[in-house]
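The structure appears below as structure tokens.
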There are 2 protein chains.
Amino acid sequence: MLNQENVKLGKVRSSIRELFEYGKKRKAEIGEENVFDFSLGNPNVPAPEEVKTALADIIAHTDPIALHGYTSATGAYEVRKVISDYINSRFDAGLDPDCIYMTCGAAASLTITLNALVNTGDEVIVFAPYFPEYKVFSSHAGAKLIAVESLDGTFQIDFGKLEAALSSKTKAVIINSPNNPSGVVYTKAAVEKLCRLLKEYSLKYGNPIYLISDEPYRELVYDGAEVPFIMNYYEESIVCYSYSKSLSLAGERIGYIAVNAKMPDSAEVYAGICGAGRALGFVCAPSLFQRLIQRVYDKTSDISIYKANRDLLCSALTEYGFTVVKPDGAFYLFVKAPKGDGAAFAGRAKKYELLLVDGKDFGCAGYVRISFCVATEMIKKSLSAFKALAESYNL
Amino acid sequence: MLNQENVKLGKVRSSIRELFEYGKKRKAEIGEENVFDFSLGNPNVPAPEEVKTALADIIAHTDPIALHGYTSATGAYEVRKVISDYINSRFDAGLDPDCIYMTCGAAASLTITLNALVNTGDEVIVFAPYFPEYKVFSSHAGAKLIAVESLDGTFQIDFGKLEAALSSKTKAVIINSPNNPSGVVYTKAAVEKLCRLLKEYSLKYGNPIYLISDEPYRELVYDGAEVPFIMNYYEESIVCYSYSKSLSLAGERIGYIAVNAKMPDSAEVYAGICGAGRALGFVCAPSLFQRLIQRVYDKTSDISIYKANRDLLCSALTEYGFTVVKPDGAFYLFVKAPKGDGAAFAGRAKKYELLLVDGKDFGCAGYVRISFCVATEMIKKSLSAFKALAESYNL
């Protein structure tokens with residue numbers, strides 16, 4: 001018998017992928033320009049010009065043996081140095097290069113971190129709505145995922161519900177701010193309160209509860225929103241970072257894990273990360289992209305395009321009568337289903353050629369997700385369809 | 001408590017890495033040119049010029065959104081098509097693109113395959129000497145590694161010992177031909193006998209025993225040695241391939257898994273691979289390097305340099321009295337320790353500034369490994385040290 005958990009996982013397409021495939025079929029039927037595909041979180045803004053220039057320069061002028069050979073499993077020292085220096089310059093975090101572990105993107109950052117921390121039977125807490133793969137990653141590491149509902153209307157943390165979920169089995173809490181799929185950014189007050197609570201419960205149970213901050217959307221914030229840097233609030237914290245969205249390099253798989261230098265057992269946690277990276281088969285992060293990050297660590301794609309898309313969609317959908325929490329970050333809009341059923345809403349939207357993702361997979365069945373990392377022109381063209389959809393509900 | 005297995009794994013450096021670090025220190029003390037470092041398997045022959053040209057061209061002329069965006073989790077279809085066509089043209093294997101799953105190199109190919117196949121308590125058989133990470137990968141997937149000694153003098157399969165090791169718990173057998181660390185290539189007769197035996201035991205126990213062929217060294221063979229293509233001999237077979245050594249791209253992490261189309265449950269196995277890839281956090285293989293492989297799938301680095309190194313070392317060491325099996329492939333020489341103790345031999349070699357890896361980690365304590373993916377000049381300079389080492393044993 002094969003490993004049935006993985007066979008099942010390989011067969012069940014996520015509803016996002018399912019919808020994306022439907023979209024491809026539908027576009028072939030009625031023309032690409034007539035389908036409004038808001039299903040995927042693949043950046044539509046190109047990588048900044050500096051990426052192209054740096055890649056060309058590195059390939060032209062670096063000895064290929066050094067360039068394409070193995071780096072240390074933790075990543076090339078010079079790359080980790082640039083990253084820790086940059087983090088320190090932004091957040092005064094006191095990191096050194098040996099706090100950084102280069103990875104193949106955010107998913108790898110998370111699986112490696114979870115496999116370093118988790119023993120079978122542990123629990124990992126997330127806040128709904130949450131990125132569906134958290135469940136897959138936690139389960140493979142041997143942990144049970146506990147989803148805690150967020151406050152209705154704001155998607156900030158519901159501390160009452162969090163306290164009810166914390167237990168002696170809680171090994172870690174994952175936060176994702178800016179959030180996929182709601183775009184919410186946790187306020188400083190929320191982060192402070194979260195950290196006080198985790199400290200209190202760590203002491204109560206006599207075991208540290210680790211705080212994992214999944215940050216692929218850190219740089220994608222609007223109107224000057226600030227994303228508190230978790231290490232400044234909580235010792236037992238780990239940042240899982242990725243350049244997939246900020247530099248539009250989602251397919252290249254490059255990111256890092258940063259372990260808080262102030263964590264009492266940081267050396268043990270870092271060793272666990274090194275061991276988990278080995279056991280999962282990562283060897284090292286792609287060396288060319290490590291070298292690229294060394295040069296463009298402080299650049300981003302043109303975020304203003306996402307902001308324009310957000311503003312356009314938010315004001316139109318609000319005007320049509322939909323209930324929307326205006327996102328401070330990321331490139332997603334989480335919209336309340338008019339009759340409380342996300343699946344039915346997404347189903348009806350399809351009739352207007354609008355491809356929206358049912359919120360159920362994110363742990364919120366009464367919502368749908370709209371990815372606005374798409375051409376602004378498509379959004380403009382889609383507005384009459386959204387309007388008709390609203391009218392069909394008599395909004 | 002953290003995951004102690006992974007913490008331990010992260011702390012215990014492999015003896016190869018340990019020796020490499022010693023070498024760095026020693027070079028700083030007495031000068032790089034006076035240390036003969038044969039510790040690592042990092043290619044010293046540059047990637048072929050076609051790699052540089054193709055990378056530059058792809059970066060200059062491809063839309064960055066398409067180039068750097070997510071590919072399908074299994075890999076871009078066009079890339080998988082080129083690979084399956086190429087395999088078919090060489091081995092008449094009848095593969096289609098949906099038999100291929102692109103990975104971040106051989107380690108990822110192996111961990112994903114093992115996690116697709118293995119249930120806790122299964123056994124995975126390997127032949128000593130074997131690549132030490134097989135144990136780490138099998139253990140993480142929940143399997144017990146069973147090492148079967150090879151025939152003394154040739155390192156071909158000892159079928160008597162293999163039969164003694166096969167059991168109802170055997171889920172898979174891993175072969176690695178050309179082999180790291182011995183360089184041995186399995187003969188056609190050996191492969192045929194192995195496959196007959198696995199078929200017989202699969203029927204006996206009523207469960208397929210999967211044959212995993214780990215092939216990072218397939219293209220590195222000398223004097224026209226032929227590496228039988230496993231799918232032509234055994235239905236339940238999976239090839240784990242990597243471009244790390246053949247194209248000198250070890251740090252870039254690009255390879256694939258090929259599932260035999262003739263396998264009765266190939267769709268289930270492929271689904272398990274997709275699921276395992278997701279659960280381990282791989283998302284997709286680096287997209288730029290997928291596009292590179294699409295162009296240079298049939299190229300290799302200049303293998304003749306490795307052959308020259310092999311010939312030089314083999315004839316010198318044999319002349320000095322060492323016992324060596326001349327390798328038909330890969331870039332390693334597995335040398336018998338004169339008094340049967342690899343650790344003592346490697347220790348004494350250090351006094352002559354020769355850095356050789358103790359065979360214990362490969363499951364053969366009476367040997368040392370010499371990696372000859374080094375400058376030919378260094379080998380020439382090292383020969384007097386090898387001679388003095390031989391004389392110290394009165395060989």
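In the structure tokens, the first chain shown is A, the next is B, and so on; residue numbers restart at 1 for each chain, and ligands run from 1 in the order shown.
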
- Message: Just want the 8 Å neighbourhood of range 264-281 of chain B, counted on only C-alpha atoms, with same-chain residues fewer than 6 positions away dropped. Output as a ChimeraX atom specification.
- Response: /A:2-11,107-108,110-111,136-137,140,280 /B:73-74,99,101,112-113,115-117,235-236

Put those residues in a file: C-alpha atoms, as a PDB file, in the first residue's frame.
ATOM      1  CA  LEU A   2       1.231   3.466  -0.874  1.00  0.00           C
ATOM      2  CA  ASN A   3       1.179   6.336   1.590  1.00  0.00           C
ATOM      3  CA  GLN A   4      -2.554   7.062   1.372  1.00  0.00           C
ATOM      4  CA  GLU A   5      -2.328  10.504   2.963  1.00  0.00           C
ATOM      5  CA  ASN A   6      -0.022  11.722   0.205  1.00  0.00           C
ATOM      6  CA  VAL A   7      -1.878   9.892  -2.571  1.00  0.00           C
ATOM      7  CA  LYS A   8      -5.105  11.562  -1.449  1.00  0.00           C
ATOM      8  CA  LEU A   9      -3.373  14.927  -1.203  1.00  0.00           C
ATOM      9  CA  GLY A  10      -2.042  14.520  -4.729  1.00  0.00           C
ATOM     10  CA  LYS A  11      -5.476  13.657  -6.118  1.00  0.00           C
ATOM     11  CA  ALA A 107       6.371  26.947   1.831  1.00  0.00           C
ATOM     12  CA  ALA A 108       9.816  25.504   2.487  1.00  0.00           C
ATOM     13  CA  LEU A 110       7.200  26.776   6.957  1.00  0.00           C
ATOM     14  CA  THR A 111       7.677  23.022   6.469  1.00  0.00           C
ATOM     15  CA  VAL A 136      -1.077  20.143   4.948  1.00  0.00           C
ATOM     16  CA  PHE A 137       2.276  21.312   6.336  1.00  0.00           C
ATOM     17  CA  HIS A 140       2.951  16.189   7.633  1.00  0.00           C
ATOM     18  CA  LEU A 280      13.056  17.015   3.845  1.00  0.00           C
TER      19      LEU A 280
ATOM     20  CA  ALA B  73       3.493  21.883  -9.264  1.00  0.00           C
ATOM     21  CA  THR B  74       4.586  19.004 -11.501  1.00  0.00           C
ATOM     22  CA  CYS B  99       5.207  10.516 -16.083  1.00  0.00           C
ATOM     23  CA  TYR B 101       7.622  15.426 -12.043  1.00  0.00           C
ATOM     24  CA  ILE B 112       9.294  13.011  -2.418  1.00  0.00           C
ATOM     25  CA  THR B 113       9.378   9.459  -3.804  1.00  0.00           C
ATOM     26  CA  ASN B 115       7.146   9.928   1.188  1.00  0.00           C
ATOM     27  CA  ALA B 116       4.830   8.833  -1.627  1.00  0.00           C
ATOM     28  CA  LEU B 117       5.583   5.141  -1.094  1.00  0.00           C
ATOM     29  CA  GLU B 235       7.603  -2.329 -14.156  1.00  0.00           C
ATOM     30  CA  GLU B 236       7.445  -0.977 -10.601  1.00  0.00           C
TER      31      GLU B 236
END

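For Ile379 in chain B, the residues within 9 Å (counting only C-alpha atoms, excluding itself and residues fewer than 3 positions away along the chain) are B:Phe36, B:Asn309, B:Leu312, B:Leu313, B:Phe372, B:Val374, B:Ala375, B:Thr376, B:Ser382, B:Leu383.
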
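Remark: for Ser384 in chain B, the closest of the candidate residues B:Phe331, B:Asn34, B:Glu49, B:Tyr297 is B:Asn34 (distances computed over only C-alpha atoms).
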
message = I'd like the neighbourhood of range 75-91 of chain A as an MDAnalysis selection string, where a residue qualifies if any of its atoms comes within 12 Å (using only C-alpha atoms), though same-chain residues fewer than 4 positions away should be ignored.
response = (chainID A and resid 66:71 95:104 226:233 239 241 243 254:261 274 277 282:299) or (chainID B and resid 251:252)

- Message: If DSSP is run on the backbone, what residues of range 110-160 of chain B are helix (DSSP H, G or I)? A reply as a list in words would be ideal.
- Response: Leu110, Thr111, Ile112, Thr113, Leu114, Asn115, Ala116, Leu117, Glu133, Tyr134, Lys135, Val136, Phe137, Ser138, Ser139, His140, Ala141, Phe159 and Gly160 of chain B

One residue among B:Tyr222, B:Tyr210, B:Phe334, B:Phe155 is nearest to chain A when using only C-alpha atoms, and that residue is B:Tyr210

Separating CA of Ala330 in chain B from CA of Asn176 in chain B, to the nearest tenth of an Å, is a gap of 10.3 Å

Of A:Leu194, A:Lys307, A:Thr187, A:Glu133, the one nearest to Gly160 in chain A when counting only C-alpha atoms is A:Leu194

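Remark: for chain A, the closest of the candidate residues B:Val148, B:Val335, B:Leu249, B:Ile58 is B:Leu249 (distances computed over only C-alpha atoms).
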
Point to revise | Val35 in chain B surroundings by only C-alpha atoms, 8 Å radius, close-in-sequence under 2 positions cut, as a list in words | key: Gly23, Arg26, Lys27, Ile30, Gly31, Glu32, Glu33, Asp37, Glu353, Leu354 and Leu355 of chain B

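Of note, CA of Gly142 in chain B and CA of Ala164 in chain B are spaced 21.9 Å apart.
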
From the list A:Lys171, A:Lys351, A:Lys360, A:Lys326, the nearest residue to Ala388 in chain A using only C-alpha atoms is A:Lys351

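Picture a line from CA of Ala106 in chain A to CA of Lys245 in chain A; it runs 10.2 Å.
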